Every structure is written in structure tokens, then in C-alpha cells.
$ cat structure_12.tsv   # TSV, C-alpha atoms
chain	number	residue	atom	x	y	z
W	571	MET	CA	18.60	-44.39	32.79
W	572	GLY	CA	15.91	-43.19	30.39
W	573	ALA	CA	16.64	-42.76	26.75
W	574	ALA	CA	18.03	-39.39	25.77
W	575	PRO	CA	15.38	-37.14	24.24
W	576	SER	CA	15.46	-37.17	20.47
W	577	ALA	CA	16.51	-34.03	18.69
W	578	PRO	CA	13.62	-32.04	17.23
W	579	GLU	CA	13.10	-32.53	13.54
W	580	PRO	CA	14.26	-29.55	11.50
W	581	ALA	CA	11.50	-27.31	10.19
W	582	PRO	CA	10.80	-27.88	6.52
W	583	SER	CA	12.66	-25.42	4.34
W	584	LYS	CA	10.92	-23.19	1.84
W	585	MET	CA	12.51	-25.23	-0.93
W	586	SER	CA	11.21	-28.55	0.43
W	587	SER	CA	7.73	-27.03	0.80
W	588	PHE	CA	7.98	-25.79	-2.78
W	589	ASN	CA	9.07	-29.21	-4.01
W	590	GLN	CA	6.20	-30.86	-2.18
W	591	ALA	CA	3.70	-28.44	-3.70
W	592	LEU	CA	5.28	-28.99	-7.12
W	593	ALA	CA	4.97	-32.76	-6.76
W	594	GLU	CA	1.22	-32.39	-6.29
W	595	VAL	CA	0.77	-30.67	-9.66
W	596	PRO	CA	0.00	-33.09	-12.52
W	597	THR	CA	2.91	-33.44	-14.96
W	598	ASP	CA	0.83	-32.43	-17.99
W	599	GLU	CA	-0.13	-29.18	-16.26
W	600	LEU	CA	3.52	-28.47	-15.47
W	601	MET	CA	4.52	-29.10	-19.06
W	602	ARG	CA	1.76	-26.84	-20.38
W	603	GLU	CA	2.85	-24.07	-18.02
W	604	LEU	CA	6.51	-24.50	-19.00
W	605	ALA	CA	5.61	-24.37	-22.70
W	606	HIS	CA	3.52	-21.24	-22.09
W	607	ARG	CA	6.36	-19.50	-20.24
W	608	LEU	CA	8.80	-20.31	-23.02
W	609	GLU	CA	6.33	-18.95	-25.55
W	610	CYS	CA	6.00	-15.79	-23.47
W	611	THR	CA	9.71	-15.02	-23.95
W	612	LYS	CA	9.01	-14.60	-27.68
W	613	LYS	CA	6.02	-12.28	-27.25
W	614	PRO	CA	6.42	-8.58	-28.04
W	615	GLU	CA	5.89	-6.19	-25.16
W	616	LYS	CA	2.45	-4.57	-24.96
W	617	ARG	CA	1.07	-1.88	-22.71
W	618	LEU	CA	-2.70	-1.65	-22.95
W	619	ILE	CA	-5.54	0.37	-21.47
W	620	LEU	CA	-9.07	-1.05	-21.35
W	621	ILE	CA	-11.87	1.50	-21.32
W	622	GLY	CA	-15.54	0.70	-21.09
W	623	PRO	CA	-18.67	1.28	-19.01
W	624	PRO	CA	-19.79	-1.09	-16.25
W	625	GLY	CA	-20.92	-4.39	-17.78
W	626	CYS	CA	-19.15	-3.86	-21.12
W	627	GLY	CA	-17.27	-7.18	-20.97
W	628	LYS	CA	-13.79	-6.02	-19.93
W	629	GLY	CA	-13.78	-8.44	-17.01
W	630	THR	CA	-14.58	-11.36	-19.30
W	631	GLN	CA	-11.96	-10.53	-21.94
W	632	SER	CA	-9.04	-9.33	-19.79
W	633	PRO	CA	-8.00	-12.78	-18.39
W	634	ARG	CA	-7.74	-14.10	-21.96
W	635	ILE	CA	-5.72	-11.06	-23.12
W	636	LYS	CA	-3.49	-11.43	-20.05
W	637	TYR	CA	-2.77	-15.11	-20.75
W	638	GLU	CA	-2.37	-14.95	-24.53
W	639	HIS	CA	-0.06	-11.92	-24.48
W	640	CYS	CA	1.75	-12.73	-21.19
W	641	LEU	CA	0.76	-9.46	-19.54
W	642	CYS	CA	-0.05	-8.52	-15.97
W	643	HIS	CA	-3.51	-7.16	-15.16
W	644	LEU	CA	-3.54	-3.97	-13.09
W	645	ALA	CA	-6.87	-2.91	-11.55
W	646	THR	CA	-6.09	0.22	-9.54
W	647	GLY	CA	-8.86	-0.36	-6.97
W	648	ASP	CA	-7.47	-3.82	-6.14
W	649	MET	CA	-3.93	-2.41	-6.05
W	650	LEU	CA	-4.93	0.29	-3.57
W	651	ARG	CA	-6.67	-2.18	-1.27
W	652	ALA	CA	-3.66	-4.52	-1.40
W	653	ALA	CA	-1.20	-1.70	-0.66
W	654	VAL	CA	-3.27	-0.51	2.31
W	655	ALA	CA	-3.52	-4.06	3.68
W	656	ALA	CA	0.24	-4.62	3.22
W	657	LYS	CA	1.01	-1.24	4.87
W	658	THR	CA	3.46	-0.25	2.16
W	659	PRO	CA	4.63	3.39	2.16
W	660	LEU	CA	2.21	4.26	-0.65
W	661	GLY	CA	-0.50	2.19	1.03
W	662	LEU	CA	-0.09	4.17	4.25
W	663	GLU	CA	-0.37	7.43	2.29
W	664	ALA	CA	-3.51	6.15	0.58
W	665	LYS	CA	-5.04	5.02	3.89
W	666	LYS	CA	-4.39	8.45	5.42
W	667	ALA	CA	-6.18	10.13	2.50
W	668	MET	CA	-9.15	7.74	2.67
W	669	GLU	CA	-9.53	8.05	6.44
W	670	SER	CA	-9.59	11.84	6.17
W	671	GLY	CA	-12.42	11.59	3.65
W	672	GLY	CA	-10.29	12.76	0.75
W	673	LEU	CA	-9.49	11.19	-2.58
W	674	VAL	CA	-6.33	9.19	-3.13
W	675	SER	CA	-4.03	11.43	-5.17
W	676	ASP	CA	-3.11	10.67	-8.77
W	677	ASP	CA	0.56	10.61	-7.72
W	678	ILE	CA	-0.08	7.76	-5.27
W	679	VAL	CA	-1.93	5.72	-7.91
W	680	ILE	CA	0.80	6.38	-10.50
W	681	GLY	CA	3.36	5.33	-7.87
W	682	LEU	CA	1.53	2.03	-7.34
W	683	ILE	CA	1.42	1.41	-11.09
W	684	GLU	CA	5.12	2.24	-11.42
W	685	GLU	CA	6.00	-0.24	-8.64
W	686	ALA	CA	3.80	-2.97	-10.08
W	687	THR	CA	5.13	-2.64	-13.63
W	688	LYS	CA	8.70	-3.26	-12.42
W	689	THR	CA	7.83	-6.79	-11.22
W	690	SER	CA	8.70	-9.90	-13.23
W	691	GLU	CA	5.00	-10.60	-13.80
W	692	CYS	CA	4.80	-7.38	-15.83
W	693	SER	CA	8.03	-7.95	-17.79
W	694	ARG	CA	6.14	-8.35	-21.11
W	695	GLY	CA	3.79	-5.44	-20.41
W	696	PHE	CA	0.49	-4.77	-18.70
W	697	ILE	CA	-3.25	-4.25	-18.98
W	698	LEU	CA	-4.53	-1.18	-17.14
W	699	ASP	CA	-8.19	-1.53	-16.18
W	700	GLY	CA	-10.06	1.42	-14.68
W	701	PHE	CA	-7.23	3.91	-15.10
W	702	PRO	CA	-6.66	6.57	-16.34
W	703	ARG	CA	-10.09	8.12	-15.81
W	704	THR	CA	-9.09	11.71	-16.62
W	705	VAL	CA	-6.76	13.43	-19.07
W	706	VAL	CA	-4.61	14.65	-16.15
W	707	GLN	CA	-4.13	11.02	-15.06
W	708	ALA	CA	-3.38	9.98	-18.65
W	709	LYS	CA	-0.68	12.64	-18.96
W	710	LYS	CA	0.91	11.61	-15.64
W	711	LEU	CA	0.87	7.98	-16.74
W	712	ASP	CA	2.54	8.88	-20.04
W	713	GLU	CA	5.18	10.94	-18.20
W	714	MET	CA	6.00	8.01	-15.90
W	715	LEU	CA	6.32	5.61	-18.84
W	716	ALA	CA	8.36	8.09	-20.91
W	717	LYS	CA	11.05	8.12	-18.21
W	718	ARG	CA	11.53	4.42	-18.97
W	719	GLY	CA	11.39	4.86	-22.73
W	720	GLN	CA	7.94	3.27	-22.87
W	721	THR	CA	4.51	4.26	-24.09
W	722	ILE	CA	0.91	3.03	-24.18
W	723	ASP	CA	0.50	0.84	-27.29
W	724	ARG	CA	-3.28	0.40	-27.59
W	725	VAL	CA	-6.42	1.66	-25.92
W	726	LEU	CA	-9.30	-0.79	-26.31
W	727	ASP	CA	-12.63	1.04	-26.16
W	728	PHE	CA	-15.45	-1.41	-25.29
W	729	GLN	CA	-18.60	0.17	-26.74
W	730	VAL	CA	-22.06	-1.02	-25.64
W	731	PRO	CA	-25.34	0.95	-25.77
W	732	ASP	CA	-26.42	2.08	-22.31
W	733	SER	CA	-29.78	0.37	-22.79
W	734	VAL	CA	-28.08	-3.03	-23.03
W	735	LEU	CA	-25.93	-2.61	-19.94
W	736	VAL	CA	-28.65	-2.83	-17.29
W	737	GLU	CA	-29.42	-6.48	-18.02
W	738	ARG	CA	-25.71	-7.29	-18.21
W	739	VAL	CA	-24.80	-5.65	-14.92
W	740	VAL	CA	-27.70	-6.91	-12.81
W	741	GLY	CA	-26.81	-10.57	-13.56
W	742	ARG	CA	-23.05	-10.25	-13.17
W	743	LEU	CA	-21.07	-12.54	-10.82
W	744	VAL	CA	-17.36	-12.22	-9.99
W	745	HIS	CA	-14.62	-14.45	-8.52
W	746	PRO	CA	-12.81	-11.92	-6.28
W	747	ALA	CA	-9.39	-13.60	-6.15
W	748	SER	CA	-8.87	-13.98	-9.92
W	749	GLY	CA	-11.21	-11.34	-11.34
W	750	ARG	CA	-12.96	-13.96	-13.51
W	751	SER	CA	-16.40	-12.68	-14.46
W	752	TYR	CA	-19.60	-14.61	-15.16
W	753	HIS	CA	-23.23	-13.80	-15.91
W	754	GLU	CA	-26.31	-15.65	-14.72
W	755	LYS	CA	-27.85	-15.51	-18.21
W	756	PHE	CA	-25.15	-14.81	-20.80
W	757	ALA	CA	-22.08	-16.62	-19.36
W	758	PRO	CA	-23.14	-18.80	-16.41
W	759	PRO	CA	-20.60	-20.80	-14.39
W	760	LYS	CA	-20.65	-24.59	-14.79
W	761	VAL	CA	-21.96	-24.89	-11.22
W	762	ALA	CA	-24.30	-22.14	-10.06
W	763	GLY	CA	-22.56	-19.67	-7.77
W	764	LYS	CA	-19.13	-21.35	-8.07
W	765	ASP	CA	-15.95	-20.37	-9.95
W	766	ASP	CA	-15.21	-22.81	-12.81
W	767	VAL	CA	-11.50	-23.10	-11.95
W	768	THR	CA	-11.36	-23.13	-8.14
W	769	GLY	CA	-14.91	-23.98	-7.11
W	770	GLU	CA	-14.84	-20.99	-4.77
W	771	PRO	CA	-18.00	-18.89	-4.24
W	772	LEU	CA	-18.83	-16.09	-6.67
W	773	ILE	CA	-20.03	-12.72	-5.42
W	774	ARG	CA	-22.31	-9.98	-6.70
W	775	ARG	CA	-20.79	-6.52	-6.32
W	776	LYS	CA	-22.82	-4.12	-4.18
W	777	ASP	CA	-23.09	-1.53	-6.94
W	778	ASP	CA	-24.18	-4.03	-9.62
W	779	ASN	CA	-27.82	-2.97	-9.60
W	780	ALA	CA	-30.07	-0.93	-11.89
W	781	ASP	CA	-30.55	1.86	-9.34
W	782	THR	CA	-26.91	2.92	-9.31
W	783	LEU	CA	-26.10	2.12	-12.93
W	784	LYS	CA	-27.44	5.30	-14.56
W	785	ALA	CA	-25.35	7.59	-12.34
W	786	ARG	CA	-22.27	5.45	-13.00
W	787	LEU	CA	-22.85	5.58	-16.76
W	788	ASP	CA	-23.32	9.35	-16.74
W	789	ALA	CA	-20.08	9.78	-14.79
W	790	PHE	CA	-18.27	7.32	-17.03
W	791	HIS	CA	-19.19	9.13	-20.25
W	792	LYS	CA	-18.30	12.55	-18.85
W	793	GLN	CA	-14.94	11.37	-17.50
W	794	THR	CA	-13.69	9.07	-20.20
W	795	SER	CA	-14.74	10.79	-23.41
W	796	PRO	CA	-11.83	13.26	-23.06
W	797	VAL	CA	-9.42	10.37	-22.30
W	798	ILE	CA	-10.49	8.59	-25.48
W	799	GLU	CA	-9.92	11.82	-27.41
W	800	TYR	CA	-6.49	12.24	-25.78
W	801	TYR	CA	-5.40	8.76	-26.94
W	802	ALA	CA	-7.26	9.06	-30.28
W	803	LYS	CA	-4.41	7.69	-32.43
W	804	LYS	CA	-4.08	4.59	-30.22
W	805	VAL	CA	-7.78	3.85	-29.65
W	806	VAL	CA	-9.41	0.80	-31.21
W	807	ALA	CA	-13.21	0.92	-30.93
W	808	LEU	CA	-14.71	-2.50	-30.21
W	809	ASN	CA	-18.33	-3.39	-30.80
W	810	ALA	CA	-18.72	-5.10	-27.43
W	811	ASN	CA	-22.45	-5.67	-27.94
W	812	LYS	CA	-21.60	-8.99	-29.58
W	813	PRO	CA	-21.11	-12.59	-28.41
W	814	GLN	CA	-17.87	-13.09	-26.48
W	815	PRO	CA	-16.05	-14.99	-29.28
W	816	GLU	CA	-16.76	-12.14	-31.73
W	817	VAL	CA	-15.46	-9.54	-29.27
W	818	ALA	CA	-12.37	-11.71	-28.71
W	819	SER	CA	-11.81	-11.81	-32.47
W	820	GLN	CA	-11.96	-8.01	-32.68
W	821	ILE	CA	-9.41	-7.78	-29.85
W	822	ASP	CA	-7.08	-10.25	-31.59
W	823	LYS	CA	-7.15	-8.12	-34.75
W	824	ALA	CA	-6.43	-4.98	-32.74
W	825	LEU	CA	-3.41	-6.50	-30.98
W	826	HIS	CA	-1.70	-8.22	-33.92

$ encode --input "structure_12.tsv" --output "C-alpha cells"
Amino acid sequence: MGAAPSAPEPAPSKMSSFNQALAEVPTDELMRELAHRLECTKKPEKRLILIGPPGCGKGTQSPRIKYEHCLCHLATGDMLRAAVAAKTPLGLEAKKAMESGGLVSDDIVIGLIEEATKTSECSRGFILDGFPRTVVQAKKLDEMLAKRGQTIDRVLDFQVPDSVLVERVVGRLVHPASGRSYHEKFAPPKVAGKDDVTGEPLIRRKDDNADTLKARLDAFHKQTSPVIEYYAKKVVALNANKPQPEVASQIDKALH
């Protein structure tokens, strides 16, 4: 008689897969991350809005703000695309609006923000980037937060002369997955065209060119000037036409 067939090996559990992945992380990195998470429990909550024209440096500064203050970073465009791809109820509503050629309603965007800010990643607060763009949106955001006894703490206004922005924008490179931002001249990656952390390719956004910049700047100033006025008591104006360390220093002063 032939040998009895052996029983199939059980599929690896999620926990064993997690443990295997954990074992591959160097111990010093794990300890640094643990220390950072413990430090985060002592951080005060912060809810921030970043406002600034294309190329003002928000993309460079936001990962540092996120890490140092233990906040989540909410870019509404990315959130919409993710919700549509995941086919969430709000994502399906957004997709329907986009396919009909209409704009995604403020209520849908506020709903996405409300969902995101309830996650553990956002437990210490958030950075809103690219929203609100109008006073109506700002009021709806404030109403949503007020229901939870919360409010926007600071609005960081990244100010750069329009004349400076063309050179900044044309040379900009982005790592899509993390949002890390580089510049061919002012902040180049260690290896040309590659993200410093992952080594993955960097991209140039389609609208990062001089031809479209002027229209974007005109629209930005018309839209956001009233928002800055609305949040006047919470706005901190940053001279963002400075080297990155100097801008970072201004931000640190504004948030402490």
C-alpha cells in the first residue's frame, strides 16, 4: 500500500505573517518607533489647516509636522480617490458626481474628513491640506468639529511671491505613496528620480508647469483670501520664501 497522503499545511495566520514581518525590522528601528509612539501619548491634540499656493513648500513641511506632532495628514484629493477605489458609500456618491461631470459636494468631502478623523491614526489631531477652499467649506468643517467639541487650532499661511513660484513648481518631484516632495534644484533626492526612503520612482505632476501655474495662482488667491480672513484669529503667516530650515523654525514657533 502507498503511504497515506500528508495533511496540507495550515495557511499562515495573520498573526504569524505579522510576526514574520516584525522579525525583519531591525531592532533599533523598532525601539525608535516604540519610543516615538510613547512620546505621542504625551503630545497635545492639534487640528491644523495648511494654506498656500502651488509650490509654497507645504508638501515639504507637512511630513515633518505630521511626525513631530503625531498627526494624520489629510489631503482631500487623495481621500476622494481612495474612497472611490474602495467603493465606500461616500466614494460611490463621489464617483456618481464625477461621472456626471459635476463637482463632488462639500457634504461628501466633509463626510470623508469626519470618517478619517475618527481613526486611531488621527487620535492626536490632523493636518488638513487643500481644504477648506471656500468660506462655505470652512463653516461646514467648523460645524462638523463643533459637534465633537473640537475646533481648528491653527491655520498656517505659506506666503511666497508669485514670481518665485514658477521656478519652484517646474522642478518639483513627488513620491505618490508618501507625499514626500523634492525639487531638482532646491531639494534634490539623494539619487536622481528616486525617493530617499523607499527608492521608488518620483513623478512630476501633470499640472506642474509654467503654462498652467498663472491660472492656478489667480484661482488660489480669489478662493483662499476670504478663508484666511474667516480664520483671521487663528492664522499664522509664514514667510515661506526662505530656506526649509528657517520655514520649519517659523512653524515650530507657531505650534508651541

$ residues_around --input "structure_12.tsv" --residues "Gln793 of chain W" --least-positions-apart "6" --cutoff "10 Å" --atoms "all atoms listed in the file" --output "PyMOL selection string"
chain W and resi 702-705+787

$ residues_near_point --input "structure_12.tsv" --point "(-15.3, -8.4, -18.3)" --cutoff "10 Å" --atoms "only C-alpha atoms" --output "list in words"
Gly622, Pro624, Gly625, Cys626, Gly627, Lys628, Gly629, Thr630, Gln631, Ser632, Pro633, Phe728, Arg742, Val744, Gly749, Arg750, Ser751, Tyr752, His753 and Gln814 of chain W

$ atom_distance --input "structure_12.tsv" --atom1 "atom CA of Gly769 of chain W" --atom2 "atom CA of Leu600 of chain W"
20.7 Å

$ closest_residue --input "structure_12.tsv" --among "W:Thr687, W:Gln707, W:Gln590, W:Thr646" --to "Tyr800 of chain W" --atoms "all atoms listed in the file"
W:Gln707

$ closest_residue --input "structure_12.tsv" --among "W:Ala824, W:Val740, W:Leu660, W:Arg774" --to "Glu685 of chain W" --atoms "all atoms listed in the file"
W:Leu660

$ atom_distance --input "structure_12.tsv" --atom1 "atom CA of Lys812 of chain W" --atom2 "atom CA of Pro759 of chain W"
19.3 Å

$ atom_distance --input "structure_12.tsv" --atom1 "atom CA of Pro758 of chain W" --atom2 "atom CA of Ile773 of chain W"
12.9 Å

$ residues_around --input "structure_12.tsv" --residues "Ile680 of chain W" --least-positions-apart "2" --cutoff "12 Å" --atoms "only C-alpha atoms" --output "ChimeraX atom specification"
/W:644,646,649-650,660,664,674-678,682-687,698,701-702,706-715

$ closest_residue --input "structure_12.tsv" --among "W:Glu594, W:Pro771, W:Pro813, W:Asp732" --to "Asp788 of chain W" --atoms "all atoms listed in the file"
W:Asp732

$ closest_residue --input "structure_12.tsv" --among "W:Leu808, W:Ala780, W:Leu662, W:Leu726" --to "Gly741 of chain W" --atoms "only C-alpha atoms"
W:Ala780

$ residues_around --input "structure_12.tsv" --residues "segment 612-620 of chain W" --least-positions-apart "2" --cutoff "9 Å" --atoms "only C-alpha atoms" --output "PDB file with C-alpha atoms, in the frame of the given file"
ATOM      1  CA  LEU W 608       8.800 -20.310 -23.020  1.00  0.00           C
ATOM      2  CA  GLU W 609       6.330 -18.950 -25.550  1.00  0.00           C
ATOM      3  CA  CYS W 610       6.000 -15.790 -23.470  1.00  0.00           C
ATOM      4  CA  GLY W 622     -15.540   0.700 -21.090  1.00  0.00           C
ATOM      5  CA  LYS W 628     -13.790  -6.020 -19.930  1.00  0.00           C
ATOM      6  CA  SER W 632      -9.040  -9.330 -19.790  1.00  0.00           C
ATOM      7  CA  HIS W 639      -0.060 -11.920 -24.480  1.00  0.00           C
ATOM      8  CA  CYS W 640       1.750 -12.730 -21.190  1.00  0.00           C
ATOM      9  CA  LEU W 641       0.760  -9.460 -19.540  1.00  0.00           C
ATOM     10  CA  SER W 693       8.030  -7.950 -17.790  1.00  0.00           C
ATOM     11  CA  ARG W 694       6.140  -8.350 -21.110  1.00  0.00           C
ATOM     12  CA  GLY W 695       3.790  -5.440 -20.410  1.00  0.00           C
ATOM     13  CA  PHE W 696       0.490  -4.770 -18.700  1.00  0.00           C
ATOM     14  CA  ILE W 697      -3.250  -4.250 -18.980  1.00  0.00           C
ATOM     15  CA  LEU W 698      -4.530  -1.180 -17.140  1.00  0.00           C
ATOM     16  CA  ASP W 699      -8.190  -1.530 -16.180  1.00  0.00           C
ATOM     17  CA  GLY W 700     -10.060   1.420 -14.680  1.00  0.00           C
ATOM     18  CA  PHE W 701      -7.230   3.910 -15.100  1.00  0.00           C
ATOM     19  CA  PRO W 702      -6.660   6.570 -16.340  1.00  0.00           C
ATOM     20  CA  GLN W 720       7.940   3.270 -22.870  1.00  0.00           C
ATOM     21  CA  THR W 721       4.510   4.260 -24.090  1.00  0.00           C
ATOM     22  CA  ILE W 722       0.910   3.030 -24.180  1.00  0.00           C
ATOM     23  CA  ASP W 723       0.500   0.840 -27.290  1.00  0.00           C
ATOM     24  CA  ARG W 724      -3.280   0.400 -27.590  1.00  0.00           C
ATOM     25  CA  VAL W 725      -6.420   1.660 -25.920  1.00  0.00           C
ATOM     26  CA  LEU W 726      -9.300  -0.790 -26.310  1.00  0.00           C
ATOM     27  CA  ASP W 727     -12.630   1.040 -26.160  1.00  0.00           C
ATOM     28  CA  PHE W 728     -15.450  -1.410 -25.290  1.00  0.00           C
ATOM     29  CA  LEU W 825      -3.410  -6.500 -30.980  1.00  0.00           C
TER      30      LEU W 825
END

$ axis_aligned_box --input "structure_12.tsv" --around "segment 758-774 of chain W" --padding-each-side "5 Å" --output "JSON"
{"center_x": -17.8, "center_y": -17.4, "center_z": -10.3, "size_x": 22.9, "size_y": 24.9, "size_z": 22.2}

$ closest_residue --input "structure_12.tsv" --among "W:Gly647, W:Ala653, W:Leu783, W:Phe790" --to "Ser733 of chain W" --atoms "all atoms listed in the file"
W:Leu783
